[in-house]
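This report refers to the structure that appears directly beneath it.
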Amino acid sequence: MPARITAWRKVKQKIQKKMNNSGPCKICISKKYFVGIFMQSSGTMQRKRLFLGYIAICLLSLSLMGRLGYLMLAKADYFGEKAKEVRQRERAIKAERGRILDRNGTVIAGNKPVSTISVIYNQITDREKVVSVLSRLLDMDPAEVRKKAEKKSSREKIKTNVEKEVSDKIREMDLDGVMVDEDYKRYYPYHDLASKVIGFAGGDNQGILGLEVKYEKYLAGQDGSILTTTNARGIEIDGASEERIEPVAGYDLCTSLDVNLQKYAQQAAEKVMKAKKAKNVRILMMNPQNGEIYAMVNVPEFNLNDPYTLNHKKGKNEKENQELLNQMWRNHCVSDTYEPGSTFKVFTATAALEAGVVKTSDTFSCPGFRVVEDRRIRCHKTTGHGSETFVQGVQNSCNPVFIDVGARLGVDGMYQYLNKLGILSKTGIDVPGEAATIMHQKKNVKAVELATMSFGQSFQLTPLRLLTTVSSVINGGKMITPHFGVKLKSADETVVRNLTYKEETGVVSSETSELMQKILASVVSEGSGSKAAVSGYDVGAKTGTSEKLPRSSNRYIASTLGFAPADDPVILAIVLIDEPEGIYYGGQIAAPVISELLDDALPYLGVEPKPDATPESTP
Ligand SMILES: [Zn+2]
């Protein structure tokens, strides 16, 4: 090792240099040790290496034994579970979603038994047969089926939502490695009936719209599961214990909707929409005594069994299509506000009578307009109604009469009754997306605003809000909550819960309520609502024609609300025709629809016609 010795010499020289400067040092003493290492024989080194290796192996073995002990003792449960997971396969058992029923127990949202077909790679014994049978019965491309059947996964889905007849055939074939699992698919037997109310459930059976989403927690139920034991290759072991957690079906929702009344209303709406080339038509029919809604129509409706297909126009791109879908699904009765126009005079008249600022015999005069501050506000009869009583003013739907009545109420009085009759609150209906009333802030209301509010202009509310307030006016003065949900039943028909809603009596006095019933009946028998009349019944009604904004656009909403029998109403309805072509007056085009609806609904609801109501001419 000459190089090493040379190096050592250099060190030695350095040390000696240092020794000459200072006395003896530690480096000097260790000189012998350095020399020793460099001079050791190869035999000694080998022994040393062997010894070190032995020590290392001992340490390693000890640590491995420790680890093994730890895994065996402390983590035994954890790995036991892990092992089980490997050998157990969990499959979900879908819970049956609760059905939605109409008031007579007719199913309006139900479930269709369907199946999911899948394959287990390791269990397939005849792959060619599996591919040919499944592609033929499931009407699928053989290449696609083959790709899935050849995929080395523990379970591969071939097709979901397979009709029962098809899956039964597949099951009968008893092919190794082919699994048929029961599933449910939401099904709406009446397709587009009350589509925007019922709503629909998505592919995972979760509610997306309408009652389906509002009552999701009751309808959904709880999925169960099956745990099957398999061998290391993933094949289910025959006779091995199977852990099964049963699914719990969702509750059935019993509603107040009436399939027959909804059908009548939808047909009537479609007829008038077509005749008037209208943009849409809305109809609401409810029981004004308790808030149960019989029918809620928004035509055009959409097919609940195919909710993602646009029912008329298509958008240019994905974003536009989504926007059009949202529009198509929108419940205009609940989610859209409009200017109510003259139908709102029901409220103003009630508030004025309640406040005692007007009597039925009070007289007014209409020259065809009223000047309020710097504004000249016209009556719809531009030549004027002349001298008229308050009741005649309601019958004529005379704006100057209501401007005067509103002024007598004053801003404070107006807002007191807007609050009391619920106009400024949401109704609390049990479908999502209710829009709030858009009203002036009280501090901004001056004479002109007060005047226009009095006859239903310069603010907006939903048809539902209006009808709910009118219910209180004609039902003896009780504020009700409009609703669909009546009760929840379990799969064995047991009533799990009766749904209750907020009610408040005395929001209108019974005297005023009775008076309003009579006044509104006279609107039909003697006034502007004559086309709402039904032979054999006393009908109360109020018509309205609202000009859409901007005013210059000449677009209107024609509407009429009506109820019967006038002295003890069992049904209250409203019709709104959005942007009709040609004649657009509510009393001309919407009132006849009310007449048609009540004519169908009253006998259906068991109300006998009065024999003396319309005297027949004797032959
Ligand atoms: Zn007038």
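Residues are referred to by chain and number: the chain letter is A, B, ... according to the order shown in the structure tokens, the number counts from 1 in that chain, and ligands are numbered separately from 1 in the order shown.
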Taking a cut-off of 12 Å and counting only C-alpha atoms and all ligand atoms, can you build a table that, for each residue of chain A near ligand 1, reports the nearest atom pair and how far apart they are in Å (one decimal), sorted by chain then residue number, as a tab-separated table?
```
residue	atom	partner	partner_atom_place_in_ligand_line	distance
A:Phe364	CA	ligand 1	1 (Zn)	9.5
A:Ser365	CA	ligand 1	1 (Zn)	7.8
A:Cys366	CA	ligand 1	1 (Zn)	4.8
A:Pro367	CA	ligand 1	1 (Zn)	6.9
A:Gly368	CA	ligand 1	1 (Zn)	5.4
A:Phe369	CA	ligand 1	1 (Zn)	7.1
A:Arg370	CA	ligand 1	1 (Zn)	9.2
A:Ile377	CA	ligand 1	1 (Zn)	10.6
A:Arg378	CA	ligand 1	1 (Zn)	8.1
A:Cys379	CA	ligand 1	1 (Zn)	4.8
A:His380	CA	ligand 1	1 (Zn)	6.6
A:Lys381	CA	ligand 1	1 (Zn)	5.6
A:Thr382	CA	ligand 1	1 (Zn)	7.5
A:Thr383	CA	ligand 1	1 (Zn)	8.2
A:Gly384	CA	ligand 1	1 (Zn)	5.0
A:His385	CA	ligand 1	1 (Zn)	4.5
A:Gly386	CA	ligand 1	1 (Zn)	7.2
A:Ser387	CA	ligand 1	1 (Zn)	9.1
A:Glu388	CA	ligand 1	1 (Zn)	8.8
A:Thr389	CA	ligand 1	1 (Zn)	11.3
A:Phe390	CA	ligand 1	1 (Zn)	11.3
A:Gln392	CA	ligand 1	1 (Zn)	9.8
A:Gly393	CA	ligand 1	1 (Zn)	7.3
A:Val394	CA	ligand 1	1 (Zn)	9.8
A:Gln395	CA	ligand 1	1 (Zn)	10.3
A:Asn396	CA	ligand 1	1 (Zn)	6.9
A:Ser397	CA	ligand 1	1 (Zn)	7.1
A:Cys398	CA	ligand 1	1 (Zn)	3.7
A:Asn399	CA	ligand 1	1 (Zn)	5.5
A:Pro400	CA	ligand 1	1 (Zn)	5.7
A:Val401	CA	ligand 1	1 (Zn)	6.9
A:Phe402	CA	ligand 1	1 (Zn)	9.2
A:Ile403	CA	ligand 1	1 (Zn)	10.3
A:Asp404	CA	ligand 1	1 (Zn)	11.4
A:Phe455	CA	ligand 1	1 (Zn)	11.5
A:Ser528	CA	ligand 1	1 (Zn)	12.0
```
Q.
Given only C-alpha atoms as the basis, pick out the residue of A:Leu138, A:Ile93, A:Ala349, A:Val297 nearest to A:Gly224.
A.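 Ranked by minimum distance to A:Gly224, first place goes to A:Ile93.
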Q) Running DSSP on the backbone, which parts of stretch 504-616 of chain A land in alpha helix (DSSP H), as a PyMOL selection string? A) chain A and resi 510-525+586-589+591-604
Output of the above residues as a CSV table (one decimal), in the first residue's frame, restricted to N, CA, C and O atoms:
```csv
chain,number,residue,atom,x,y,z
A,510,SER,N,-116.7,37.4,9.9
A,510,SER,CA,-117.6,36.6,9.1
A,510,SER,C,-118.7,37.4,8.4
A,510,SER,O,-119.1,37.1,7.3
A,511,GLU,N,-119.0,38.6,8.9
A,511,GLU,CA,-119.9,39.5,8.3
A,511,GLU,C,-119.4,40.0,6.9
A,511,GLU,O,-120.0,39.9,5.9
A,512,THR,N,-118.1,40.4,6.9
A,512,THR,CA,-117.5,40.9,5.7
A,512,THR,C,-117.3,39.8,4.7
A,512,THR,O,-117.6,39.9,3.5
A,513,SER,N,-117.0,38.6,5.2
A,513,SER,CA,-116.8,37.4,4.3
A,513,SER,C,-118.1,37.1,3.6
A,513,SER,O,-118.2,36.9,2.4
A,514,GLU,N,-119.2,37.1,4.4
A,514,GLU,CA,-120.5,36.8,3.8
A,514,GLU,C,-120.9,37.9,2.8
A,514,GLU,O,-121.5,37.6,1.7
A,515,LEU,N,-120.6,39.1,3.1
A,515,LEU,CA,-120.9,40.2,2.2
A,515,LEU,C,-120.1,40.1,0.9
A,515,LEU,O,-120.7,40.3,-0.2
A,516,MET,N,-118.9,39.8,1.0
A,516,MET,CA,-118.0,39.6,-0.1
A,516,MET,C,-118.5,38.5,-1.0
A,516,MET,O,-118.5,38.5,-2.3
A,517,GLN,N,-119.0,37.4,-0.4
A,517,GLN,CA,-119.6,36.3,-1.2
A,517,GLN,C,-120.7,36.8,-2.0
A,517,GLN,O,-120.8,36.5,-3.2
A,518,LYS,N,-121.6,37.6,-1.4
A,518,LYS,CA,-122.7,38.2,-2.1
A,518,LYS,C,-122.3,39.1,-3.2
A,518,LYS,O,-122.8,39.1,-4.3
A,519,ILE,N,-121.4,40.0,-2.9
A,519,ILE,CA,-120.9,41.0,-3.9
A,519,ILE,C,-120.3,40.3,-5.1
A,519,ILE,O,-120.6,40.7,-6.2
A,520,LEU,N,-119.4,39.3,-4.8
A,520,LEU,CA,-118.8,38.6,-5.9
A,520,LEU,C,-119.7,37.8,-6.7
A,520,LEU,O,-119.5,37.6,-7.9
A,521,ALA,N,-120.8,37.3,-6.1
A,521,ALA,CA,-121.8,36.5,-6.8
A,521,ALA,C,-122.6,37.5,-7.7
A,521,ALA,O,-122.9,37.1,-8.9
A,522,SER,N,-122.7,38.8,-7.3
A,522,SER,CA,-123.4,39.7,-8.1
A,522,SER,C,-122.6,40.2,-9.3
A,522,SER,O,-123.1,40.7,-10.3
A,523,VAL,N,-121.2,40.0,-9.2
A,523,VAL,CA,-120.3,40.3,-10.3
A,523,VAL,C,-120.7,39.4,-11.5
A,523,VAL,O,-120.6,39.8,-12.6
A,524,VAL,N,-121.1,38.1,-11.1
A,524,VAL,CA,-121.4,37.2,-12.1
A,524,VAL,C,-122.9,37.4,-12.6
A,524,VAL,O,-123.2,37.4,-13.8
A,525,SER,N,-123.8,37.6,-11.6
A,525,SER,CA,-125.2,37.7,-12.0
A,525,SER,C,-125.5,39.0,-12.7
A,525,SER,O,-126.4,39.1,-13.5
A,586,GLY,N,-110.0,39.6,-19.6
A,586,GLY,CA,-110.2,38.4,-18.7
A,586,GLY,C,-111.7,38.0,-18.7
A,586,GLY,O,-112.0,36.8,-18.8
A,587,GLY,N,-112.6,39.0,-18.6
A,587,GLY,CA,-114.0,38.7,-18.6
A,587,GLY,C,-114.5,38.1,-19.9
A,587,GLY,O,-115.5,37.3,-19.9
A,588,GLN,N,-113.8,38.3,-21.0
A,588,GLN,CA,-114.2,37.7,-22.3
A,588,GLN,C,-113.6,36.3,-22.5
A,588,GLN,O,-114.3,35.4,-23.0
A,589,ILE,N,-112.3,36.1,-22.2
A,589,ILE,CA,-111.7,34.9,-22.5
A,589,ILE,C,-111.3,33.9,-21.4
A,589,ILE,O,-111.2,32.7,-21.5
A,591,ALA,N,-113.1,34.1,-18.1
A,591,ALA,CA,-114.3,33.8,-17.4
A,591,ALA,C,-115.0,32.5,-18.0
A,591,ALA,O,-115.4,31.7,-17.2
A,592,PRO,N,-115.1,32.4,-19.3
A,592,PRO,CA,-115.7,31.2,-19.8
A,592,PRO,C,-115.0,29.9,-19.4
A,592,PRO,O,-115.6,28.8,-19.3
A,593,VAL,N,-113.7,30.0,-19.2
A,593,VAL,CA,-112.9,28.8,-18.8
A,593,VAL,C,-113.3,28.4,-17.3
A,593,VAL,O,-113.5,27.2,-17.0
A,594,ILE,N,-113.5,29.5,-16.5
A,594,ILE,CA,-113.9,29.2,-15.1
A,594,ILE,C,-115.3,28.5,-15.1
A,594,ILE,O,-115.5,27.5,-14.4
A,595,SER,N,-116.2,29.0,-16.0
A,595,SER,CA,-117.5,28.4,-16.1
A,595,SER,C,-117.4,26.9,-16.5
A,595,SER,O,-118.1,26.1,-15.8
A,596,GLU,N,-116.6,26.7,-17.4
A,596,GLU,CA,-116.4,25.3,-17.9
A,596,GLU,C,-115.9,24.4,-16.8
A,596,GLU,O,-116.3,23.3,-16.6
A,597,LEU,N,-114.9,24.9,-16.1
A,597,LEU,CA,-114.2,24.1,-15.0
A,597,LEU,C,-115.2,23.8,-13.9
A,597,LEU,O,-115.3,22.7,-13.4
A,598,LEU,N,-115.9,24.9,-13.5
A,598,LEU,CA,-116.9,24.7,-12.3
A,598,LEU,C,-118.0,23.8,-12.7
A,598,LEU,O,-118.5,23.0,-11.9
A,599,ASP,N,-118.4,23.9,-14.0
A,599,ASP,CA,-119.5,23.0,-14.5
A,599,ASP,C,-119.1,21.5,-14.4
A,599,ASP,O,-120.0,20.7,-14.1
A,600,ASP,N,-117.9,21.2,-14.6
A,600,ASP,CA,-117.4,19.9,-14.5
A,600,ASP,C,-117.1,19.5,-13.0
A,600,ASP,O,-117.5,18.4,-12.6
A,601,ALA,N,-116.5,20.4,-12.3
A,601,ALA,CA,-116.1,20.1,-11.0
A,601,ALA,C,-117.2,20.0,-9.9
A,601,ALA,O,-117.1,19.1,-9.0
A,602,LEU,N,-118.2,20.9,-10.0
A,602,LEU,CA,-119.2,20.9,-9.0
A,602,LEU,C,-120.0,19.6,-8.8
A,602,LEU,O,-120.1,19.0,-7.7
A,603,PRO,N,-120.5,19.0,-9.9
A,603,PRO,CA,-121.2,17.7,-9.8
A,603,PRO,C,-120.2,16.6,-9.4
A,603,PRO,O,-120.6,15.8,-8.6
A,604,TYR,N,-119.0,16.7,-9.9
A,604,TYR,CA,-118.0,15.7,-9.5
A,604,TYR,C,-117.7,15.8,-8.0
A,604,TYR,O,-117.5,14.7,-7.4
```
Q | Surrounding residues of A:Val473 excluding itself and chain neighbours under 3 positions, 8 Å, only C-alpha atoms, as a list in words | A |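 With the cut-off at 8 Å, the set is Phe347, Thr350, Thr469, Val470, Gly476, Gly477, Lys478, Val508, Thr512, Ser513 and Met516 of chain A.
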Q: Could you tell me how far atom CA of A:Thr160 lies from atom CA of A:Asp181, in Å and to one decimal?
A: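 Here the two named atoms are 9.3 Å from each other.
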**Q.** Contacts of stretch 539-546 of chain A within 6 Å, only C-alpha atoms, excl. fewer than 4 positions in-chain, as a list of chain:residue names
**A.**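 Using only C-alpha atoms, the neighbours found are A:Gly341, A:Ser342, A:Thr343, A:Leu520, A:Ala521, A:Tyr556, A:Ile557, A:Ala558, A:Ser559, A:Thr560, A:Leu561, A:Gly562, A:Phe563, A:Ala564, A:Pro565, A:Ala566, A:Tyr585, A:Gly586, A:Gly587.
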Same residues, all heavy atoms, saved as a compact mmCIF listing (two decimals), in the first residue's frame:
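To be explicit, this is the file written out as out.txt:
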```
# COMPACT_ATOMS: atom_id res chain seq x y z
N GLY A 341 -103.86 43.00 -11.45
CA GLY A 341 -104.93 43.78 -12.07
C GLY A 341 -106.21 43.69 -11.25
O GLY A 341 -106.16 43.55 -10.01
N SER A 342 -107.34 43.71 -11.93
CA SER A 342 -108.64 43.87 -11.24
C SER A 342 -109.02 42.73 -10.30
O SER A 342 -109.88 42.93 -9.44
CB SER A 342 -109.74 44.07 -12.26
OG SER A 342 -109.48 45.25 -12.99
N THR A 343 -108.43 41.55 -10.44
CA THR A 343 -108.76 40.48 -9.51
C THR A 343 -108.37 40.89 -8.09
O THR A 343 -108.93 40.41 -7.12
CB THR A 343 -108.03 39.16 -9.85
OG1 THR A 343 -106.64 39.45 -10.03
CG2 THR A 343 -108.58 38.52 -11.13
N LEU A 520 -119.44 39.33 -4.81
CA LEU A 520 -118.75 38.64 -5.92
C LEU A 520 -119.73 37.77 -6.72
O LEU A 520 -119.54 37.58 -7.93
CB LEU A 520 -117.57 37.83 -5.39
CG LEU A 520 -116.44 38.70 -4.81
CD1 LEU A 520 -115.38 37.85 -4.12
CD2 LEU A 520 -115.78 39.58 -5.88
N ALA A 521 -120.79 37.28 -6.07
CA ALA A 521 -121.82 36.54 -6.82
C ALA A 521 -122.56 37.51 -7.74
O ALA A 521 -122.93 37.15 -8.87
CB ALA A 521 -122.78 35.87 -5.85
N TYR A 556 -100.58 41.07 -22.62
CA TYR A 556 -101.52 41.03 -21.50
C TYR A 556 -101.58 39.65 -20.85
O TYR A 556 -101.21 38.65 -21.47
CB TYR A 556 -102.92 41.40 -21.97
CG TYR A 556 -103.00 42.80 -22.53
CD1 TYR A 556 -102.74 43.04 -23.88
CD2 TYR A 556 -103.31 43.88 -21.71
CE1 TYR A 556 -102.80 44.32 -24.40
CE2 TYR A 556 -103.38 45.17 -22.22
CZ TYR A 556 -103.11 45.39 -23.56
OH TYR A 556 -103.17 46.66 -24.06
N ILE A 557 -102.06 39.65 -19.61
CA ILE A 557 -102.45 38.39 -18.96
C ILE A 557 -103.94 38.53 -18.64
O ILE A 557 -104.33 39.44 -17.90
CB ILE A 557 -101.65 38.11 -17.67
CG1 ILE A 557 -100.16 37.89 -18.00
CG2 ILE A 557 -102.21 36.86 -16.96
CD1 ILE A 557 -99.27 37.64 -16.78
N ALA A 558 -104.74 37.68 -19.26
CA ALA A 558 -106.18 37.70 -19.00
C ALA A 558 -106.45 36.70 -17.89
O ALA A 558 -105.95 35.58 -17.94
CB ALA A 558 -106.93 37.30 -20.26
N SER A 559 -107.20 37.12 -16.87
CA SER A 559 -107.47 36.19 -15.77
C SER A 559 -108.88 36.34 -15.22
O SER A 559 -109.52 37.37 -15.42
CB SER A 559 -106.45 36.41 -14.65
OG SER A 559 -106.63 37.69 -14.08
N THR A 560 -109.31 35.30 -14.53
CA THR A 560 -110.57 35.34 -13.78
C THR A 560 -110.46 34.36 -12.63
O THR A 560 -109.90 33.27 -12.80
CB THR A 560 -111.77 34.93 -14.66
OG1 THR A 560 -111.95 35.91 -15.68
CG2 THR A 560 -113.07 34.83 -13.86
N LEU A 561 -110.95 34.79 -11.45
CA LEU A 561 -111.05 33.83 -10.36
C LEU A 561 -112.52 33.61 -10.06
O LEU A 561 -113.34 34.53 -10.21
CB LEU A 561 -110.26 34.28 -9.13
CG LEU A 561 -110.59 35.60 -8.44
CD1 LEU A 561 -111.72 35.43 -7.43
CD2 LEU A 561 -109.34 36.12 -7.73
N GLY A 562 -112.87 32.39 -9.71
CA GLY A 562 -114.29 32.09 -9.46
C GLY A 562 -114.44 31.02 -8.40
O GLY A 562 -113.52 30.22 -8.19
N PHE A 563 -115.59 31.01 -7.72
CA PHE A 563 -115.84 30.01 -6.69
C PHE A 563 -117.32 29.66 -6.65
O PHE A 563 -118.17 30.42 -7.10
CB PHE A 563 -115.36 30.50 -5.31
CG PHE A 563 -116.00 31.80 -4.88
CD1 PHE A 563 -117.14 31.83 -4.09
CD2 PHE A 563 -115.45 33.02 -5.29
CE1 PHE A 563 -117.73 33.03 -3.70
CE2 PHE A 563 -116.03 34.22 -4.90
CZ PHE A 563 -117.17 34.23 -4.10
N ALA A 564 -117.61 28.50 -6.09
CA ALA A 564 -119.00 28.07 -5.99
C ALA A 564 -119.11 26.95 -4.94
O ALA A 564 -118.10 26.28 -4.66
CB ALA A 564 -119.48 27.55 -7.35
N PRO A 565 -120.30 26.71 -4.40
CA PRO A 565 -121.45 27.63 -4.39
C PRO A 565 -121.07 28.93 -3.66
O PRO A 565 -120.34 28.87 -2.66
CB PRO A 565 -122.52 26.87 -3.62
CG PRO A 565 -122.09 25.43 -3.67
CD PRO A 565 -120.59 25.45 -3.70
N ALA A 566 -121.60 30.04 -4.15
CA ALA A 566 -121.16 31.35 -3.64
C ALA A 566 -121.32 31.49 -2.13
O ALA A 566 -120.47 32.09 -1.48
CB ALA A 566 -121.95 32.45 -4.36
N TYR A 585 -109.32 40.45 -22.91
CA TYR A 585 -109.99 40.79 -21.65
C TYR A 585 -110.31 39.53 -20.85
O TYR A 585 -110.87 38.57 -21.39
CB TYR A 585 -111.27 41.59 -21.91
CG TYR A 585 -110.99 42.95 -22.49
CD1 TYR A 585 -111.32 43.25 -23.81
CD2 TYR A 585 -110.35 43.94 -21.73
CE1 TYR A 585 -111.04 44.50 -24.35
CE2 TYR A 585 -110.06 45.18 -22.26
CZ TYR A 585 -110.41 45.46 -23.57
OH TYR A 585 -110.12 46.67 -24.10
N GLY A 586 -109.98 39.58 -19.55
CA GLY A 586 -110.23 38.43 -18.67
C GLY A 586 -111.69 38.01 -18.69
O GLY A 586 -112.00 36.81 -18.76
N GLY A 587 -112.59 39.01 -18.65
CA GLY A 587 -114.02 38.72 -18.61
C GLY A 587 -114.52 38.05 -19.90
O GLY A 587 -115.52 37.33 -19.88
```
**Q.** Exercise: A:Asp412 partners within 12 Å, only C-alpha atoms, chain neighbours under 5 positions left out, as a list in words
**A.** Ala351, Ala355, Gly406, Ala407, Tyr417, Leu418, Asn419, Gln441, Lys442, Lys443, Val445, Lys446 and Leu450 of chain A
Q.
Let's see if you can do this: from backbone DSSP, list all strand (DSSP E) residues in stretch 240-419 of chain A, as a VMD selection string.
A. chain A and resid 243 to 245 252 to 255 280 to 286 293 to 299 363 to 366 369 to 372 375 to 378 386 to 389
Those residues you just picked out, can you put them in a file as a compact mmCIF listing (two decimals), in the first residue's frame with N, CA, C and O atoms?
```txt
# COMPACT_ATOMS: atom_id res chain seq x y z
N GLU A 243 -74.96 -12.43 4.70
CA GLU A 243 -75.49 -11.41 5.61
C GLU A 243 -76.39 -10.50 4.80
O GLU A 243 -75.99 -9.96 3.79
N ARG A 244 -77.62 -10.35 5.27
CA ARG A 244 -78.59 -9.59 4.49
C ARG A 244 -79.23 -8.53 5.37
O ARG A 244 -79.77 -8.80 6.43
N ILE A 245 -79.12 -7.28 4.96
CA ILE A 245 -79.81 -6.19 5.66
C ILE A 245 -80.96 -5.76 4.75
O ILE A 245 -80.73 -5.30 3.63
N ASP A 252 -95.53 6.23 1.45
CA ASP A 252 -96.38 6.76 0.38
C ASP A 252 -96.87 8.15 0.80
O ASP A 252 -97.23 8.36 1.96
N LEU A 253 -96.89 9.07 -0.16
CA LEU A 253 -97.41 10.41 0.10
C LEU A 253 -98.82 10.51 -0.49
O LEU A 253 -98.99 10.37 -1.70
N CYS A 254 -99.80 10.70 0.37
CA CYS A 254 -101.18 10.89 -0.10
C CYS A 254 -101.41 12.38 -0.26
O CYS A 254 -101.18 13.14 0.68
N THR A 255 -101.82 12.79 -1.45
CA THR A 255 -101.98 14.23 -1.71
C THR A 255 -103.45 14.60 -1.90
O THR A 255 -104.32 13.74 -1.99
N ASN A 280 -98.56 30.66 -22.39
CA ASN A 280 -98.85 29.58 -21.45
C ASN A 280 -100.17 29.86 -20.75
O ASN A 280 -100.67 30.98 -20.80
N VAL A 281 -100.74 28.85 -20.15
CA VAL A 281 -101.99 29.00 -19.40
C VAL A 281 -101.82 28.32 -18.05
O VAL A 281 -101.29 27.22 -17.97
N ARG A 282 -102.25 29.03 -17.02
CA ARG A 282 -102.15 28.49 -15.66
C ARG A 282 -103.56 28.33 -15.08
O ARG A 282 -104.39 29.23 -15.26
N ILE A 283 -103.79 27.23 -14.42
CA ILE A 283 -105.06 27.03 -13.71
C ILE A 283 -104.77 26.44 -12.33
O ILE A 283 -103.94 25.54 -12.20
N LEU A 284 -105.44 27.00 -11.35
CA LEU A 284 -105.32 26.49 -9.98
C LEU A 284 -106.72 26.25 -9.45
O LEU A 284 -107.59 27.11 -9.60
N MET A 285 -106.95 25.08 -8.87
CA MET A 285 -108.25 24.80 -8.25
C MET A 285 -107.98 24.29 -6.85
O MET A 285 -107.18 23.36 -6.67
N MET A 286 -108.65 24.91 -5.87
CA MET A 286 -108.41 24.47 -4.50
C MET A 286 -109.68 24.50 -3.66
O MET A 286 -110.69 25.07 -4.06
N ILE A 293 -105.20 21.59 -2.45
CA ILE A 293 -105.18 21.94 -3.87
C ILE A 293 -105.64 20.72 -4.68
O ILE A 293 -105.09 19.63 -4.54
N TYR A 294 -106.66 20.93 -5.49
CA TYR A 294 -107.20 19.85 -6.33
C TYR A 294 -106.45 19.73 -7.64
O TYR A 294 -106.25 18.64 -8.17
N ALA A 295 -106.10 20.89 -8.20
CA ALA A 295 -105.43 20.88 -9.50
C ALA A 295 -104.52 22.09 -9.61
O ALA A 295 -104.87 23.17 -9.12
N MET A 296 -103.37 21.88 -10.24
CA MET A 296 -102.46 22.99 -10.53
C MET A 296 -101.86 22.71 -11.90
O MET A 296 -101.08 21.79 -12.06
N VAL A 297 -102.30 23.52 -12.86
CA VAL A 297 -101.91 23.27 -14.26
C VAL A 297 -101.00 24.39 -14.75
O VAL A 297 -101.26 25.56 -14.48
N ASN A 298 -99.96 24.03 -15.43
CA ASN A 298 -99.07 24.98 -16.10
C ASN A 298 -98.81 24.45 -17.49
O ASN A 298 -97.88 23.67 -17.69
N VAL A 299 -99.67 24.78 -18.47
CA VAL A 299 -99.40 24.27 -19.81
C VAL A 299 -98.53 25.27 -20.57
O VAL A 299 -98.71 26.47 -20.41
N THR A 363 -122.09 56.01 -2.59
CA THR A 363 -122.08 56.28 -4.04
C THR A 363 -120.79 56.99 -4.46
O THR A 363 -120.19 57.75 -3.71
N PHE A 364 -120.42 56.69 -5.66
CA PHE A 364 -119.20 57.25 -6.27
C PHE A 364 -119.58 57.73 -7.68
O PHE A 364 -120.64 57.38 -8.19
N SER A 365 -118.67 58.46 -8.29
CA SER A 365 -118.94 58.83 -9.68
C SER A 365 -117.71 58.59 -10.53
O SER A 365 -116.58 58.78 -10.08
N CYS A 366 -117.94 58.11 -11.75
CA CYS A 366 -116.83 57.81 -12.65
C CYS A 366 -117.02 58.54 -13.97
O CYS A 366 -117.88 58.20 -14.77
N PHE A 369 -112.18 58.60 -15.69
CA PHE A 369 -110.80 58.76 -15.23
C PHE A 369 -110.81 59.36 -13.83
O PHE A 369 -111.86 59.82 -13.34
N ARG A 370 -109.67 59.39 -13.19
CA ARG A 370 -109.51 60.10 -11.92
C ARG A 370 -108.13 60.76 -11.97
O ARG A 370 -107.16 60.12 -12.40
N VAL A 371 -108.08 62.02 -11.56
CA VAL A 371 -106.78 62.70 -11.52
C VAL A 371 -106.20 62.54 -10.10
O VAL A 371 -106.86 62.89 -9.13
N VAL A 372 -105.02 61.94 -10.03
CA VAL A 372 -104.34 61.77 -8.74
C VAL A 372 -103.00 62.50 -8.85
O VAL A 372 -102.17 62.13 -9.70
N ARG A 375 -101.19 62.85 -12.13
CA ARG A 375 -101.50 61.75 -13.05
C ARG A 375 -102.99 61.66 -13.33
O ARG A 375 -103.82 61.84 -12.45
N ARG A 376 -103.32 61.37 -14.58
CA ARG A 376 -104.71 61.14 -14.97
C ARG A 376 -104.83 59.63 -15.18
O ARG A 376 -104.27 59.08 -16.13
N ILE A 377 -105.52 58.95 -14.26
CA ILE A 377 -105.62 57.49 -14.31
C ILE A 377 -106.99 57.12 -14.89
O ILE A 377 -108.03 57.50 -14.37
N ARG A 378 -106.94 56.33 -15.98
CA ARG A 378 -108.16 56.03 -16.72
C ARG A 378 -108.94 54.87 -16.11
O ARG A 378 -108.39 53.97 -15.49
N GLY A 386 -120.37 56.78 -14.74
CA GLY A 386 -121.33 57.70 -14.15
C GLY A 386 -121.44 57.47 -12.65
O GLY A 386 -120.47 57.07 -12.00
N SER A 387 -122.65 57.68 -12.10
CA SER A 387 -122.86 57.51 -10.67
C SER A 387 -123.10 56.04 -10.38
O SER A 387 -123.86 55.37 -11.09
N GLU A 388 -122.45 55.53 -9.35
CA GLU A 388 -122.60 54.10 -9.02
C GLU A 388 -122.37 53.89 -7.53
O GLU A 388 -121.64 54.63 -6.89
N THR A 389 -122.99 52.82 -7.01
CA THR A 389 -122.76 52.47 -5.61
C THR A 389 -121.46 51.69 -5.52
O THR A 389 -120.89 51.30 -6.55
```
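Straight-line separation from atom CA of A:Ile226 to atom CA of A:Phe200: 28.3 Å.
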Q: Pick out the residues sitting within 12 Å of A:Lys274, and hand them over as a PyMOL selection string; count only C-alpha atoms, and ignore anything fewer than 6 positions along from it in its own chain.
A: chain A and resi 267-268+280-281+299-300+577-581
**Q.** Top pick for closest residue to A:Asp336, considering A:Ile571, A:Leu576, A:Ala435, A:Val405 and counting only C-alpha atoms
**A.**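 Of A:Ile571, A:Leu576, A:Ala435, A:Val405, the one nearest A:Asp336 is A:Ala435, counting only C-alpha atoms.
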**Q.** Near-A:Ala143 list (12 Å; only C-alpha atoms; drop same-chain fewer than 4 positions) as a list in words
**A.**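 My list of contacting residues is Glu128, Val131, Ser132, Leu134, Ser135, Arg136, Asp139, Lys147, Lys148, Ala149, Glu150 and Ile158 of chain A.
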